[in-house]
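Okay, so here's the structure we're looking at.
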Amino acid sequence: MAEFILKALVKAKGLDSQYYIESAAVSTEEIGNPIYPPAKRCLTQHGIQFDNGKRARQLVRADYDRFDRIICMDQSNLRLLRRIIPDDPQGKIHLMMSYAGVSRDVADPWYTGDFEEAFQDILEGCEAM
């Protein structure tokens, strides 16, 4: 959801040609899978466009050089990311909610089923970013 929320915010500001935004997983569990249907429903309810062809891919070491920022949703993601990208000499790796000035994770809808709460957390972090 974060990829499409951030793309929508950037597009609304007319800055979409200045940014390349992409999401990737830190685990292998969802590789190749489409956007989870409840996430699609939540995005649709908020008028956020998404790419139906989007398939999950795993983050790779080369992504560190490809992107200016790598944003994790929670501490668990951060720990798994550190297995792929152990060092952050350029300070590119951040937690989403740190942009909003809070020290907590984005609510994880995978466990809670509450995609609206996750949406609101992600929106808050993206707007602050």
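Every chain in the structure tokens has a letter given in the order shown (A, B, ...), and although residue numbers restart at 1 in each chain, ligands are simply numbered from 1 in the order shown.
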Non-local contacts of Cys42 in chain A (12 Å; only C-alpha atoms; under 6 positions in same chain excluded) as JSON, numbers by chain:
{"A": [1, 2, 4, 5, 35, 36, 48, 49, 50, 109, 113, 114, 115, 116, 117, 118, 119, 120]}
Select, from A:Ser17, A:Asn77, A:Ser27, A:Gln90, the residue with the minimum atom-to-atom distance to Asp105 in chain A, counting only C-alpha atoms.
A:Asn77
Excluding range 28-33 of chain A and its own-chain neighbours fewer than 4 positions away, which residues fall within 9 Å of it when counting only C-alpha atoms? Please give them as an NGL selection string.
:A and (54-58)
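Between CA of Ala107 in chain A and CA of Arg69 in chain A the separation is 20.8 Å.
The coordinates place CA of Asp51 in chain A at 27.1 Å from CA of Ile85 in chain A.
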Among chain A, which residues does DSSP mark as alpha helix (DSSP H) when it is run on the backbone? Keep the chain and numbering as in the structure and answer as an MDAnalysis selection string.
chainID A and resid 2:12 37:45 63:66 75:84 109:112 115:128
Which neighbours of Val10 in chain A fall inside 12 Å, counting only C-alpha atoms, when residues of the same chain fewer than 6 positions from it are skipped, and could you give them as a list in words?
Glu3, Phe4, Asp16, Ser17, Gln18, Tyr19, Tyr20, Ile21, Ile48, Leu123, Cys126, Glu127 and Met129 of chain A
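Note that the spacing between CA of Leu6 in chain A and CA of Met73 in chain A amounts to 13.3 Å.
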What parts of chain A does DSSP call strand (DSSP E)? I'd like the answer as a list in words.
Ile70, Ile71, Cys72, Ile93, His94 and Leu95 of chain A
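The shortest atom-to-atom distance to Ile70 in chain A, with only C-alpha atoms taken into account, belongs to A:Gly91 out of A:Gly14, A:Gly53, A:Gly91, A:Pro37.
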Please list as a VMD selection string every residue within 12 Å of Ala128 in chain A, counting only C-alpha atoms and excluding residues in the same chain fewer than 5 positions away.
chain A and resid 6 9 96 to 102 121 to 123
Between A:Ala8, A:Val106, A:Arg61, A:Cys72, which is the closest to Pro86 in chain A once you count only C-alpha atoms?
A:Arg61
